[in-house]
Amino acid sequence: MKFKLFKDRKGKADQAKNNKFVKLAREIYVHARKGGPNPESNFALKTAITAARAEQMPVDNIERAIKKAAGSTDGVDYEEIMYEGYGPGGVAIMVRC
């Protein structure tokens with residue numbers, strides 16, 4: 001019984017960590033495509049890498065995302081888009097994705 005509870009908790013924690021890493025890798029990919037793969041000349045990429053390291057994302061994953069963006073031939077292209085609109089009560093909403 002104890003093993004099952006431990007396994008379920010660990011599985012959920014691992015899935016949540018993986019989801020964060022995927023989101024951070026996409027952000028790194030977008031910034032590397034947009035401003036170049038060098039973090040010293042691309043401030044947005046440097047900020048994304050800092051955020052990824054703050055979440056303890058492995059360096060291998062970060063480098064893989066940058067390399068994928070630099071030599072992307074797989075046909076996948078992520079772009080940054082901003083939506084603007086108005087919600088209930090006339091509240092202005094801006095969504096960056």
# chains A, B, ... in the order shown; residues from 1 in each chain; ligands from 1
$ residues_around --residues "stretch 20-30 of chain A" --least-positions-apart "3" --cutoff "7 Å" --atoms "only C-alpha atoms" --output "number ranges by chain"
A: 16-17, 33-34, 45, 48-49, 52, 57, 62, 65-66, 69, 78-79
$ write_last_selection --atoms "C-alpha atoms" --output "short mmCIF file (atom, residue, chain, number, x, y, z; two decimals), in the first residue's frame"
data_model
loop_
_atom_site.label_atom_id
_atom_site.label_comp_id
_atom_site.auth_asym_id
_atom_site.auth_seq_id
_atom_site.Cartn_x
_atom_site.Cartn_y
_atom_site.Cartn_z
CA ALA A 16 4.44 18.23 -13.47
CA LYS A 17 8.22 18.72 -13.73
CA ARG A 33 14.99 31.30 -33.42
CA LYS A 34 14.04 34.94 -33.05
CA LEU A 45 17.34 33.89 -24.67
CA ALA A 48 14.81 32.19 -20.71
CA ILE A 49 17.92 30.14 -19.88
CA ALA A 52 15.10 27.31 -16.91
CA MET A 57 16.28 22.15 -15.92
CA ILE A 62 18.75 23.63 -22.67
CA ALA A 65 16.58 23.26 -27.44
CA ILE A 66 19.11 25.83 -28.67
CA ALA A 69 16.36 26.13 -33.00
CA TYR A 78 6.93 28.21 -32.82
CA GLU A 79 6.02 31.87 -32.83
#
$ select_by_dssp --residues "chain A" --states "alpha helix (DSSP H)" --output "NGL selection string"
:A and (2-35 or 43-54 or 59-70)
$ residues_around --residues "A:Gly35" --least-positions-apart "6" --cutoff "9 Å" --atoms "only C-alpha atoms" --output "ChimeraX atom specification"
/A:41-45
$ write_last_selection --atoms "N, CA, C and O atoms" --output "PDB file, in the first residue's frame"
ATOM      1  N   SER A  41      24.435  37.763 -26.935  1.00  0.00           N
ATOM      2  CA  SER A  41      23.890  38.810 -27.802  1.00  0.00           C
ATOM      3  C   SER A  41      22.362  38.796 -27.862  1.00  0.00           C
ATOM      4  O   SER A  41      21.762  39.660 -28.475  1.00  0.00           O
ATOM      5  N   ASN A  42      21.733  37.815 -27.234  1.00  0.00           N
ATOM      6  CA  ASN A  42      20.276  37.670 -27.246  1.00  0.00           C
ATOM      7  C   ASN A  42      19.783  37.686 -25.796  1.00  0.00           C
ATOM      8  O   ASN A  42      19.799  36.662 -25.110  1.00  0.00           O
ATOM      9  N   PHE A  43      19.349  38.856 -25.342  1.00  0.00           N
ATOM     10  CA  PHE A  43      18.958  39.009 -23.946  1.00  0.00           C
ATOM     11  C   PHE A  43      17.733  38.165 -23.594  1.00  0.00           C
ATOM     12  O   PHE A  43      17.651  37.606 -22.496  1.00  0.00           O
ATOM     13  N   ALA A  44      16.768  38.049 -24.509  1.00  0.00           N
ATOM     14  CA  ALA A  44      15.567  37.247 -24.237  1.00  0.00           C
ATOM     15  C   ALA A  44      15.937  35.781 -24.036  1.00  0.00           C
ATOM     16  O   ALA A  44      15.384  35.106 -23.155  1.00  0.00           O
ATOM     17  N   LEU A  45      16.879  35.281 -24.823  1.00  0.00           N
ATOM     18  CA  LEU A  45      17.339  33.893 -24.675  1.00  0.00           C
ATOM     19  C   LEU A  45      18.055  33.717 -23.339  1.00  0.00           C
ATOM     20  O   LEU A  45      17.853  32.719 -22.640  1.00  0.00           O
TER      21      LEU A  45
END
$ closest_residue --among "A:Gly85, A:Gly90, A:Pro37, A:Gly11" --to "A:Lys68" --atoms "only C-alpha atoms"
A:Pro37
$ atom_distance --atom1 "atom CA of A:Glu40" --atom2 "atom CA of A:Val59"
16.5 Å
$ atom_distance --atom1 "atom CA of A:Lys46" --atom2 "atom CA of A:Gln15"
25.8 Å
